[in-house]
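Heads up, input05.cif below (mmCIF, C-alpha atoms):
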data_query
#
loop_
_atom_site.group_PDB
_atom_site.id
_atom_site.type_symbol
_atom_site.label_atom_id
_atom_site.label_comp_id
_atom_site.auth_asym_id
_atom_site.auth_seq_id
_atom_site.Cartn_x
_atom_site.Cartn_y
_atom_site.Cartn_z
ATOM 1 C CA MET A 1 6.606 -20.005 12.845
ATOM 2 C CA LEU A 2 7.003 -18.803 9.276
ATOM 3 C CA VAL A 3 9.906 -20.115 7.196
ATOM 4 C CA ILE A 4 10.932 -18.135 4.116
ATOM 5 C CA SER A 5 13.576 -19.753 1.938
ATOM 6 C CA PHE A 6 15.389 -18.122 -0.951
ATOM 7 C CA SER A 7 18.774 -18.229 -2.647
ATOM 8 C CA VAL A 8 21.086 -15.235 -2.768
ATOM 9 C CA GLU A 9 24.728 -14.441 -3.413
ATOM 10 C CA GLY A 10 26.796 -11.797 -1.662
ATOM 11 C CA GLU A 11 29.162 -11.330 1.262
ATOM 12 C CA ALA A 12 26.658 -9.180 3.156
ATOM 13 C CA MET A 13 24.406 -12.207 3.704
ATOM 14 C CA ASP A 14 27.113 -13.861 5.827
ATOM 15 C CA TYR A 15 26.180 -11.358 8.520
ATOM 16 C CA PHE A 16 22.822 -13.118 9.041
ATOM 17 C CA LYS A 17 24.280 -16.563 9.765
ATOM 18 C CA LYS A 18 23.274 -17.904 13.201
ATOM 19 C CA LYS A 19 21.688 -14.591 14.194
ATOM 20 C CA ILE A 20 18.487 -13.978 16.158
ATOM 21 C CA PHE A 21 16.872 -10.538 15.841
ATOM 22 C CA THR A 22 14.252 -8.615 17.765
ATOM 23 C CA LEU A 23 12.207 -6.567 15.292
ATOM 24 C CA ASP A 24 11.149 -2.949 15.672
ATOM 25 C CA SER A 25 7.797 -1.608 14.422
ATOM 26 C CA THR A 26 9.075 -0.761 10.933
ATOM 27 C CA GLU A 27 10.634 -4.182 10.460
ATOM 28 C CA LYS A 28 7.419 -5.826 11.647
ATOM 29 C CA THR A 29 5.459 -3.727 9.126
ATOM 30 C CA LEU A 30 7.725 -4.771 6.252
ATOM 31 C CA LEU A 31 7.445 -8.430 7.240
ATOM 32 C CA SER A 32 3.654 -8.109 7.546
ATOM 33 C CA LEU A 33 3.441 -6.592 4.060
ATOM 34 C CA PHE A 34 5.537 -9.466 2.713
ATOM 35 C CA ILE A 35 3.319 -12.069 4.399
ATOM 36 C CA LYS A 36 0.070 -10.482 3.187
ATOM 37 C CA GLU A 37 1.350 -10.227 -0.392
ATOM 38 C CA ALA A 38 2.470 -13.867 -0.226
ATOM 39 C CA GLN A 39 -0.957 -14.931 1.059
ATOM 40 C CA GLN A 40 -2.707 -13.040 -1.739
ATOM 41 C CA THR A 41 -0.332 -14.584 -4.260
ATOM 42 C CA LEU A 42 -0.058 -18.178 -3.044
ATOM 43 C CA GLY A 43 -3.172 -18.608 -0.935
ATOM 44 C CA LYS A 44 -3.159 -20.234 2.493
ATOM 45 C CA PHE A 45 0.311 -21.281 3.626
ATOM 46 C CA ARG A 46 0.887 -25.018 3.765
ATOM 47 C CA ARG A 47 1.942 -26.794 6.930
ATOM 48 C CA PHE A 48 5.472 -28.148 7.142
ATOM 49 C CA GLN A 49 6.261 -30.978 4.751
ATOM 50 C CA GLU A 50 9.435 -32.999 4.427
ATOM 51 C CA LYS A 51 9.364 -32.555 0.677
ATOM 52 C CA HIS A 52 8.647 -29.039 -0.626
ATOM 53 C CA ASP A 53 7.444 -28.151 -4.087
ATOM 54 C CA SER A 54 8.323 -24.817 -5.649
ATOM 55 C CA PRO A 55 5.567 -22.211 -5.109
ATOM 56 C CA ASP A 56 3.149 -21.754 -7.989
ATOM 57 C CA PHE A 57 3.167 -18.142 -9.224
ATOM 58 C CA SER A 58 1.193 -18.866 -12.405
ATOM 59 C CA ASN A 59 -1.923 -17.064 -11.096
ATOM 60 C CA ALA A 60 -0.091 -14.361 -9.191
ATOM 61 C CA PRO A 61 -1.477 -10.778 -9.379
ATOM 62 C CA PHE A 62 0.441 -8.283 -11.500
ATOM 63 C CA GLY A 63 3.754 -7.318 -9.880
ATOM 64 C CA ALA A 64 3.388 -9.790 -6.991
ATOM 65 C CA THR A 65 6.835 -11.372 -7.294
ATOM 66 C CA GLN A 66 8.461 -7.956 -7.647
ATOM 67 C CA LEU A 67 6.696 -6.692 -4.520
ATOM 68 C CA LEU A 68 7.724 -9.777 -2.564
ATOM 69 C CA SER A 69 11.327 -9.252 -3.606
ATOM 70 C CA CYS A 70 11.202 -5.543 -2.716
ATOM 71 C CA TYR A 71 9.656 -6.111 0.721
ATOM 72 C CA LEU A 72 12.154 -8.849 1.582
ATOM 73 C CA THR A 73 15.128 -6.857 0.307
ATOM 74 C CA GLU A 74 14.136 -3.737 2.256
ATOM 75 C CA PHE A 75 13.529 -5.876 5.359
ATOM 76 C CA LEU A 76 16.996 -7.435 5.186
ATOM 77 C CA ILE A 77 18.735 -4.128 4.463
ATOM 78 C CA LYS A 78 17.050 -2.506 7.432
ATOM 79 C CA LEU A 79 17.992 -5.426 9.696
ATOM 80 C CA TYR A 80 21.592 -5.164 8.557
ATOM 81 C CA ARG A 81 21.774 -1.409 9.087
ATOM 82 C CA GLU A 82 19.985 -1.359 12.427
ATOM 83 C CA LYS A 83 21.663 -4.383 14.042
ATOM 84 C CA ASN A 84 25.185 -4.297 12.592
ATOM 85 C CA SER A 85 27.312 -2.219 14.948
ATOM 86 C CA ASP A 86 30.015 -1.900 12.283
ATOM 87 C CA PHE A 87 27.654 -0.151 9.881
ATOM 88 C CA MET A 88 28.168 3.614 9.713
ATOM 89 C CA ARG A 89 24.756 5.269 10.147
ATOM 90 C CA ILE A 90 23.962 7.688 7.341
ATOM 91 C CA SER A 91 21.171 9.492 9.175
ATOM 92 C CA THR A 92 19.744 10.083 12.624
ATOM 93 C CA GLN A 93 16.890 8.047 14.087
ATOM 94 C CA GLU A 94 14.543 10.962 13.506
ATOM 95 C CA GLU A 95 15.536 11.127 9.828
ATOM 96 C CA ASN A 96 15.085 7.360 9.510
ATOM 97 C CA ARG A 97 11.604 7.647 11.016
ATOM 98 C CA THR A 98 10.721 10.428 8.565
ATOM 99 C CA LEU A 99 11.919 8.350 5.612
ATOM 100 C CA THR A 100 9.907 5.357 6.822
ATOM 101 C CA ASP A 101 6.760 7.453 7.284
ATOM 102 C CA SER A 102 7.182 8.884 3.776
ATOM 103 C CA SER A 103 7.483 5.378 2.325
ATOM 104 C CA VAL A 104 4.277 4.273 4.049
ATOM 105 C CA ILE A 105 2.412 7.367 2.820
ATOM 106 C CA GLU A 106 3.540 6.772 -0.763
ATOM 107 C CA LEU A 107 2.507 3.110 -0.598
ATOM 108 C CA VAL A 108 -0.953 4.053 0.681
ATOM 109 C CA LYS A 109 -1.333 6.852 -1.889
ATOM 110 C CA ASN A 110 -0.465 4.470 -4.718
ATOM 111 C CA TYR A 111 -2.911 1.903 -3.362
ATOM 112 C CA LEU A 112 -5.741 4.444 -3.137
ATOM 113 C CA ALA A 113 -5.004 5.770 -6.629
ATOM 114 C CA SER A 114 -5.110 2.222 -8.004
ATOM 115 C CA ASN A 115 -8.516 1.569 -6.425
ATOM 116 C CA VAL A 116 -10.552 4.674 -7.284
ATOM 117 C CA TYR A 117 -13.251 2.474 -8.821
ATOM 118 C CA SER A 118 -13.450 0.237 -5.760
ATOM 119 C CA THR A 119 -14.977 0.826 -2.341
ATOM 120 C CA VAL A 120 -12.015 1.320 -0.025
ATOM 121 C CA THR A 121 -12.483 1.751 3.733
ATOM 122 C CA LEU A 122 -10.083 3.090 6.343
ATOM 123 C CA PRO A 123 -10.031 -0.180 8.357
ATOM 124 C CA ALA A 124 -9.185 -2.101 5.174
ATOM 125 C CA VAL A 125 -6.273 0.250 4.416
ATOM 126 C CA CYS A 126 -4.968 -0.016 7.988
ATOM 127 C CA ASP A 127 -5.189 -3.801 7.839
ATOM 128 C CA LYS A 128 -3.449 -4.023 4.471
ATOM 129 C CA PHE A 129 -0.499 -1.889 5.570
ATOM 130 C CA SER A 130 -0.433 -3.046 9.203
ATOM 131 C CA ILE A 131 -0.732 0.450 10.610
ATOM 132 C CA GLY A 132 -2.993 1.938 13.272
ATOM 133 C CA LYS A 133 -5.895 4.194 12.318
ATOM 134 C CA SER A 134 -4.750 7.178 14.392
ATOM 135 C CA GLN A 135 -1.163 6.860 13.143
ATOM 136 C CA LEU A 136 -2.197 6.714 9.487
ATOM 137 C CA CYS A 137 -4.557 9.668 9.873
ATOM 138 C CA LYS A 138 -1.827 11.735 11.520
ATOM 139 C CA LEU A 139 0.687 10.895 8.785
ATOM 140 C CA PHE A 140 -1.833 11.863 6.097
ATOM 141 C CA ARG A 141 -2.791 15.103 7.856
ATOM 142 C CA ASP A 142 0.859 16.080 8.135
ATOM 143 C CA ASP A 143 1.572 15.205 4.506
ATOM 144 C CA THR A 144 -1.595 16.259 2.658
ATOM 145 C CA GLY A 145 -3.730 18.252 5.091
ATOM 146 C CA GLN A 146 -6.459 15.643 4.563
ATOM 147 C CA SER A 147 -7.531 12.405 6.180
ATOM 148 C CA PRO A 148 -6.888 9.229 4.139
ATOM 149 C CA MET A 149 -10.561 8.979 3.171
ATOM 150 C CA GLU A 150 -10.759 12.673 2.242
ATOM 151 C CA TYR A 151 -7.719 12.165 0.032
ATOM 152 C CA TYR A 152 -9.299 9.046 -1.476
ATOM 153 C CA GLN A 153 -12.566 10.871 -2.134
ATOM 154 C CA SER A 154 -10.701 13.708 -3.873
ATOM 155 C CA LEU A 155 -9.053 11.133 -6.166
ATOM 156 C CA ARG A 156 -12.449 9.651 -7.029
ATOM 157 C CA ILE A 157 -13.970 13.070 -7.719
ATOM 158 C CA SER A 158 -11.009 14.052 -9.914
ATOM 159 C CA GLU A 159 -11.452 10.858 -11.916
ATOM 160 C CA ALA A 160 -15.214 11.452 -12.163
ATOM 161 C CA LYS A 161 -14.566 14.958 -13.509
ATOM 162 C CA ARG A 162 -12.170 13.527 -16.084
ATOM 163 C CA LEU A 163 -14.791 11.015 -17.238
ATOM 164 C CA LEU A 164 -17.465 13.712 -17.439
ATOM 165 C CA ARG A 165 -15.169 15.852 -19.585
ATOM 166 C CA THR A 166 -14.680 13.021 -22.081
ATOM 167 C CA LYS A 167 -18.486 12.810 -22.540
ATOM 168 C CA THR A 168 -18.198 9.134 -23.451
ATOM 169 C CA LEU A 169 -20.228 7.871 -20.462
ATOM 170 C CA SER A 170 -23.521 9.042 -19.027
ATOM 171 C CA VAL A 171 -23.782 10.296 -15.444
ATOM 172 C CA SER A 172 -25.620 7.094 -14.548
ATOM 173 C CA GLN A 173 -22.863 4.929 -16.047
ATOM 174 C CA ILE A 174 -20.174 6.869 -14.172
ATOM 175 C CA SER A 175 -22.149 6.488 -10.951
ATOM 176 C CA ASP A 176 -22.280 2.718 -11.468
ATOM 177 C CA LEU A 177 -18.573 2.634 -12.354
ATOM 178 C CA PHE A 178 -17.667 4.121 -8.971
ATOM 179 C CA GLY A 179 -19.977 1.748 -7.137
ATOM 180 C CA TYR A 180 -22.526 4.280 -5.848
ATOM 181 C CA SER A 181 -25.826 2.773 -4.770
ATOM 182 C CA SER A 182 -27.740 5.404 -6.743
ATOM 183 C CA ILE A 183 -27.148 8.292 -9.117
ATOM 184 C CA HIS A 184 -28.596 10.566 -6.406
ATOM 185 C CA ASN A 185 -25.800 9.607 -3.973
ATOM 186 C CA PHE A 186 -23.173 10.146 -6.647
ATOM 187 C CA SER A 187 -24.609 13.569 -7.563
ATOM 188 C CA ARG A 188 -24.735 14.605 -3.909
ATOM 189 C CA SER A 189 -21.097 13.596 -3.300
ATOM 190 C CA PHE A 190 -19.983 15.296 -6.517
ATOM 191 C CA LYS A 191 -21.787 18.543 -5.687
ATOM 192 C CA LYS A 192 -20.436 18.567 -2.135
ATOM 193 C CA ALA A 193 -16.887 18.345 -3.508
ATOM 194 C CA THR A 194 -17.171 20.658 -6.519
ATOM 195 C CA GLY A 195 -20.144 22.936 -5.925
ATOM 196 C CA PHE A 196 -21.768 21.635 -9.122
ATOM 197 C CA SER A 197 -24.047 18.735 -9.867
ATOM 198 C CA PRO A 198 -22.578 16.398 -12.533
ATOM 199 C CA LYS A 199 -24.944 17.778 -15.201
ATOM 200 C CA ALA A 200 -24.168 21.372 -14.232
ATOM 201 C CA TYR A 201 -20.458 20.576 -14.380
ATOM 202 C CA ILE A 202 -20.843 19.193 -17.920
ATOM 203 C CA LYS A 203 -22.487 22.467 -19.007
ATOM 204 C CA THR A 204 -19.460 24.455 -17.794
ATOM 205 C CA ILE A 205 -17.169 22.478 -20.101
ATOM 206 C CA LYS A 206 -16.404 24.267 -23.336
#
Rewrite the structure of this file - the entire thing - as structure tokens.
Amino acid sequence: MLVISFSVEGEAMDYFKKKIFTLDSTEKTLLSLFIKEAQQTLGKFRRFQEKHDSPDFSNAPFGATQLLSCYLTEFLIKLYREKNSDFMRISTQEENRTLTDSSVIELVKNYLASNVYSTVTLPAVCDKFSIGKSQLCKLFRDDTGQSPMEYYQSLRISEAKRLLRTKTLSVSQISDLFGYSSIHNFSRSFKKATGFSPKAYIKTIK
């Protein structure tokens, strides 16, 4: 059992009093994202105590509290809309599914773009966003025409090209920056994507 306590004002929250909900896949995903962000921010959750101290956010990653608030807010709004029979639906189930898929894709894209200098794997992405491998690959194919890792690799190559154009770092330094095991592996990946070796690409820059 996970207990999340917070204070809020507003008549809409009265709807949640003494309610028990069964969550759909999207609601489970939002709650999973909230839990994972909370674990990264606060560490291992403490067992129940009669006296609770306020959580310590002093060492929280950048934007952690904002993300927690966003995930929880979206979770509650979706619960209200989906379960409240008095709420007038503004879109069909198919449109809701499309909007949800688009949100997941944008979250993953932003995550990949923020980690171009890291070594990101498909299982790690699926675990972070609580989504199946085949589902994520299908969403990416439909949206970008690429697999998630192909999209990620294109981001890394684009950033490598930008660094090469600045001529402030050597090819070896750029290779190390992206975490390649050797300059040979970096050059091979770069040539496969661009048709040029890094040094040949530099010569084409005027």
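A distance cut-off of 8 Å around (-1.0, 0.6, 4.2), counting all atoms listed in the file, selects these protein and nucleic acid residues: Val104, Ile105, Leu107, Val108, Tyr111, Val125, Cys126, Asp127, Lys128, Phe129, Ser130 and Ile131 of chain A.
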query = Distance atom CA of A:Lys161-atom CA of A:Leu136, one decimal place?
reply = 27.4 Å
request  = List the residues selected by the PyMOL selection byres ((chain A and resi 202) around 10) in the file shown, writing them as a ChimeraX atom specification.
outcome  = /A:161,164-167,171,196-201,203-206
ask   = Any idea what's packed within 10 Å of A:Lys78, counting only C-alpha atoms, ignoring anything in its chain fewer than 6 positions away? Could you give it as a ChimeraX atom specification?
value = /A:26-27,30,72,84
key: 12 Å contact set for A:Leu139, all atoms listed in the file, chain neighbours under 2 positions out, as a list in words   =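 Here the answer would be Arg97, Thr98, Leu99, Thr100, Asp101, Ser102, Ser103, Val104, Ile105, Glu106, Val108, Lys109, Ile131, Gly132, Lys133, Ser134, Gln135, Leu136, Cys137, Arg141, Asp142, Asp143, Thr144, Gly145, Gln146, Ser147 and Pro148 of chain A.
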